[in-house]
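Structure first, then comments.
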Amino acid sequence: MILADKIINERKKNAWSQEELAEKLSVSRQSVSKWEGAQSVPDLQKVIQMAELFGVSCDYLLKDEMEPAENTGAALREDAAAVPPVRKVSMEEANEFIRARKKVMPAIAMGVSMCVFSPVVLIFLAGLADAGTFGISENLAAGIGIILLLLLVAGAVAVFIFSGMRLKPFDFLEDEEFETEYGVAGMAREKQQKEQPKSTLMLVVGVFLCILCPLPLIIAALAEAEEYIVGSMVCVLLTIVAIAVNLFINASTVTEACKMLLCEEEYSSRKKRNRRRLSPLAGAFWLLATAIYLGISLYTLDWHKTWIIWPVAGVLFAVVECIAAMIMKEED
């Protein structure tokens with residue numbers, strides 16, 4: 001048995017992914033992949049580190065003729081349960097995943113933009129009703145605005161459901177441990193580099209819009225404009241934010257897919273474990289935030305004011321997530 005096979009066997013016996021072994025050895029995942037594919041050989045220092053991590057001797061790793069039964073450290077794992085093989089992602093699956101993301105993510109981006117834009121008509125009509133323009137009553141404005149709001153949100157939810165069904169077969173890439181077959185990592189990096197200029201441009205434009213979006217509202221407030229004009233500027237603000245959010249999501253279509261395949265950044269093994277543990281907390285938090293937003297908004301009908309709940313909730317969630325991550329790290 002050659003060194004490459006021994007590294008694979010010992011890693012799987014310890015239930016480690018290539019990413020986890022790479023972290024323990026302070027090398028890249030690609031280095032571990034090359035060792036296991038017999039494309040390169042680790043230096044002596046890394047062999048010594050692996051021997052310590054695996055609980056085996058250096059002789060066992062370096063001598064092809066030495067089998068596991070001859071290894072002095074092998075007896076320590078004689079009674080260990082068999083480790084199930086880690087799922088492998090083929091080149092065909094990886095390409096299908098990227099194609100599915102390209103088709104689905106623009107629809108998801110549109111759905112999120114619809115949610116952000118949904119209260120715009122209600123706010124605009126409420127402002128006209130307050131100003132007595134066109135003879136629109138408050139009840140009529142509220143009725144039309146709420147109906148359109150619910151229709152937009154319902155449409156967005158439908159988009160999310162159908163999009164989720166399309167990406168369902170690839171959920172394991174985001175949440176589970178896996179390995180990629182030969183060539184997948186190189187393909188992912190190539191697509192990531194090719195998409196980077198376009199992605200960066202969209203992110204820059206999105207950030208620029210987010211920075212400028214309060215400007216119309218600030219100008220209207222400083223000019224002491226009529227209340228319905230201020231409300232109209234809130235509509236402009238939400239429209240610009242909807243466009244910016246659309247850009248942000250579309251910018252990440254391919255780059256995020258490649259990060260998933262490469263198990264990088266937010267999709268590393270450690271981050272996946274933390275995300276699985278935080279998932280119930282995140283779901284409960286955003287359900288509560290949505291209930292508070294709709295409850296306060298429907299009770300007060302101050303839709304031009306209650307939108308502030310969302311950025312506040314976003315900041316609070318970041319704080320809650322950081323605290324939870326610190327607690328989990330302490331527990332680990």
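The chains in the structure tokens are called A, B, ... from first to last as shown; in each chain the residues are counted from 1, and the ligands are counted from 1 in the order shown.
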Check: Which polymer residues have any atom within 7 Å of an atom of region 104-110 of chain A, counting only C-alpha atoms, with same-chain residues fewer than 6 positions away left out, as a list in words?
Finding: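 So, after excluding close chain neighbours, the residues are Val159, Phe160, Ser163, Asn246, Ile249, Asn250 and Thr253 of chain A.
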Next item on the list: Find the spatial neighbours of Val207 (chain A), counting only C-alpha atoms, within a cut-off of 10 Å - ignore same-chain residues fewer than 6 positions away - and output them as a PyMOL selection string.
Entry: chain A and resi 201+213+241+244-245+247-248
Next item on the list: Figure out the distance between CA of Met326 (chain A) and CA of Phe285 (chain A), please, to one decimal in Å.
Entry: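 Spanning CA of Phe285 (chain A) to CA of Met326 (chain A) is a straight-line distance of 17.9 Å.
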Margin query: I need the alpha helix (DSSP H) residues of region 159-219 of chain A per DSSP on the backbone, written as a ChimeraX atom specification.
Written below: /A:159-167,172-175,184-212,215-219
Produce a file of the selected residues containing N, CA and C atoms, as a CSV table (one decimal), in the first residue's frame.
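again.csv written:
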chain,number,residue,atom,x,y,z
A,159,VAL,N,-41.8,32.0,-5.8
A,159,VAL,CA,-40.5,31.9,-6.4
A,159,VAL,C,-39.5,31.2,-5.6
A,160,PHE,N,-39.5,31.5,-4.3
A,160,PHE,CA,-38.6,30.9,-3.3
A,160,PHE,C,-38.8,29.4,-3.3
A,161,ILE,N,-40.1,29.0,-3.2
A,161,ILE,CA,-40.4,27.5,-3.1
A,161,ILE,C,-39.9,26.8,-4.4
A,162,PHE,N,-40.3,27.3,-5.5
A,162,PHE,CA,-39.9,26.6,-6.8
A,162,PHE,C,-38.4,26.6,-7.0
A,163,SER,N,-37.7,27.7,-6.6
A,163,SER,CA,-36.3,27.8,-6.7
A,163,SER,C,-35.6,26.8,-5.7
A,164,GLY,N,-36.2,26.7,-4.5
A,164,GLY,CA,-35.6,25.8,-3.5
A,164,GLY,C,-35.8,24.3,-4.0
A,165,MET,N,-36.9,24.0,-4.7
A,165,MET,CA,-37.1,22.7,-5.2
A,165,MET,C,-36.0,22.3,-6.3
A,166,ARG,N,-35.7,23.3,-7.1
A,166,ARG,CA,-34.7,23.1,-8.1
A,166,ARG,C,-33.3,22.9,-7.6
A,167,LEU,N,-33.0,23.5,-6.5
A,167,LEU,CA,-31.7,23.4,-5.9
A,167,LEU,C,-31.6,22.3,-4.8
A,172,PHE,N,-26.7,19.3,0.0
A,172,PHE,CA,-25.6,18.7,0.8
A,172,PHE,C,-24.3,19.5,0.6
A,173,LEU,N,-24.2,20.2,-0.5
A,173,LEU,CA,-23.0,21.0,-0.7
A,173,LEU,C,-22.8,22.1,0.3
A,174,GLU,N,-23.9,22.6,0.8
A,174,GLU,CA,-23.9,23.7,1.7
A,174,GLU,C,-23.8,23.3,3.2
A,175,ASP,N,-24.3,22.0,3.5
A,175,ASP,CA,-24.4,21.6,4.8
A,175,ASP,C,-23.6,20.4,5.2
A,184,VAL,N,-12.4,18.8,-10.4
A,184,VAL,CA,-13.5,19.7,-10.0
A,184,VAL,C,-13.0,21.0,-9.4
A,185,ALA,N,-12.0,20.8,-8.5
A,185,ALA,CA,-11.4,22.0,-7.9
A,185,ALA,C,-10.8,23.0,-8.9
A,186,GLY,N,-10.1,22.5,-9.9
A,186,GLY,CA,-9.5,23.3,-10.9
A,186,GLY,C,-10.6,24.0,-11.7
A,187,MET,N,-11.6,23.3,-12.1
A,187,MET,CA,-12.7,23.9,-12.8
A,187,MET,C,-13.4,25.0,-12.0
A,188,ALA,N,-13.6,24.8,-10.7
A,188,ALA,CA,-14.3,25.8,-9.9
A,188,ALA,C,-13.4,27.0,-9.8
A,189,ARG,N,-12.1,26.9,-9.6
A,189,ARG,CA,-11.3,28.0,-9.5
A,189,ARG,C,-11.2,28.8,-10.8
A,190,GLU,N,-11.2,28.1,-11.9
A,190,GLU,CA,-11.2,28.8,-13.2
A,190,GLU,C,-12.5,29.6,-13.4
A,191,LYS,N,-13.6,29.0,-13.1
A,191,LYS,CA,-14.9,29.8,-13.2
A,191,LYS,C,-14.9,30.9,-12.2
A,192,GLN,N,-14.4,30.7,-11.1
A,192,GLN,CA,-14.4,31.8,-10.0
A,192,GLN,C,-13.6,33.0,-10.5
A,193,GLN,N,-12.4,32.7,-11.1
A,193,GLN,CA,-11.6,33.8,-11.6
A,193,GLN,C,-12.2,34.5,-12.8
A,194,LYS,N,-12.8,33.7,-13.7
A,194,LYS,CA,-13.5,34.3,-14.8
A,194,LYS,C,-14.6,35.2,-14.5
A,195,GLU,N,-15.4,34.8,-13.4
A,195,GLU,CA,-16.6,35.6,-13.0
A,195,GLU,C,-16.2,36.8,-12.1
A,196,GLN,N,-15.0,36.8,-11.6
A,196,GLN,CA,-14.6,37.8,-10.5
A,196,GLN,C,-14.8,39.3,-11.0
A,197,PRO,N,-14.4,39.7,-12.2
A,197,PRO,CA,-14.6,41.1,-12.6
A,197,PRO,C,-16.0,41.5,-12.7
A,198,LYS,N,-16.9,40.7,-13.2
A,198,LYS,CA,-18.3,41.0,-13.3
A,198,LYS,C,-18.9,41.0,-11.9
A,199,SER,N,-18.6,40.1,-11.1
A,199,SER,CA,-19.1,40.0,-9.7
A,199,SER,C,-18.7,41.3,-8.9
A,200,THR,N,-17.4,41.7,-9.1
A,200,THR,CA,-16.9,42.8,-8.4
A,200,THR,C,-17.6,44.1,-8.8
A,201,LEU,N,-17.9,44.3,-10.1
A,201,LEU,CA,-18.6,45.4,-10.7
A,201,LEU,C,-20.0,45.5,-10.1
A,202,MET,N,-20.7,44.4,-10.1
A,202,MET,CA,-22.1,44.4,-9.5
A,202,MET,C,-22.1,44.8,-8.0
A,203,LEU,N,-21.1,44.3,-7.3
A,203,LEU,CA,-21.0,44.6,-5.9
A,203,LEU,C,-20.7,46.0,-5.6
A,204,VAL,N,-19.8,46.6,-6.5
A,204,VAL,CA,-19.5,48.0,-6.3
A,204,VAL,C,-20.7,48.9,-6.6
A,205,VAL,N,-21.4,48.6,-7.7
A,205,VAL,CA,-22.6,49.4,-8.0
A,205,VAL,C,-23.7,49.2,-6.9
A,206,GLY,N,-23.9,48.0,-6.4
A,206,GLY,CA,-24.8,47.8,-5.3
A,206,GLY,C,-24.5,48.6,-4.1
A,207,VAL,N,-23.2,48.6,-3.7
A,207,VAL,CA,-22.8,49.3,-2.5
A,207,VAL,C,-23.0,50.8,-2.7
A,208,PHE,N,-22.7,51.3,-4.0
A,208,PHE,CA,-22.8,52.7,-4.3
A,208,PHE,C,-24.3,53.1,-4.2
A,209,LEU,N,-25.2,52.3,-4.6
A,209,LEU,CA,-26.7,52.5,-4.5
A,209,LEU,C,-27.1,52.6,-3.1
A,210,CYS,N,-26.6,51.6,-2.3
A,210,CYS,CA,-27.0,51.6,-0.8
A,210,CYS,C,-26.5,52.9,-0.1
A,211,ILE,N,-25.3,53.4,-0.5
A,211,ILE,CA,-24.8,54.6,0.2
A,211,ILE,C,-25.7,55.8,-0.2
A,212,LEU,N,-26.1,55.8,-1.5
A,212,LEU,CA,-26.8,57.0,-2.0
A,212,LEU,C,-28.3,57.0,-1.7
A,215,LEU,N,-30.3,59.6,0.2
A,215,LEU,CA,-30.1,61.0,-0.2
A,215,LEU,C,-31.4,61.7,-0.5
A,216,PRO,N,-32.3,61.1,-1.4
A,216,PRO,CA,-33.5,61.8,-1.7
A,216,PRO,C,-34.4,62.1,-0.4
A,217,LEU,N,-34.4,61.2,0.5
A,217,LEU,CA,-35.1,61.4,1.8
A,217,LEU,C,-34.5,62.5,2.6
A,218,ILE,N,-33.2,62.5,2.7
A,218,ILE,CA,-32.5,63.5,3.5
A,218,ILE,C,-32.8,64.9,2.9
A,219,ILE,N,-32.7,65.0,1.6
A,219,ILE,CA,-33.0,66.3,0.9
A,219,ILE,C,-34.4,66.8,1.2
Next item on the list: Fewer than 6 positions away in the same chain doesn't count, so skip those; otherwise give me all residues within 9 Å of Ile144 (chain A), counting only C-alpha atoms, as JSON, numbers by chain.
Entry: {"A": [121, 122, 125]}
Note to self: Between A:Lys102, A:Lys34, A:Arg29, A:Lys13, which residue has the minimum interatomic distance to Phe54 (chain A), considering only C-alpha atoms?
What the structure shows: A:Lys13
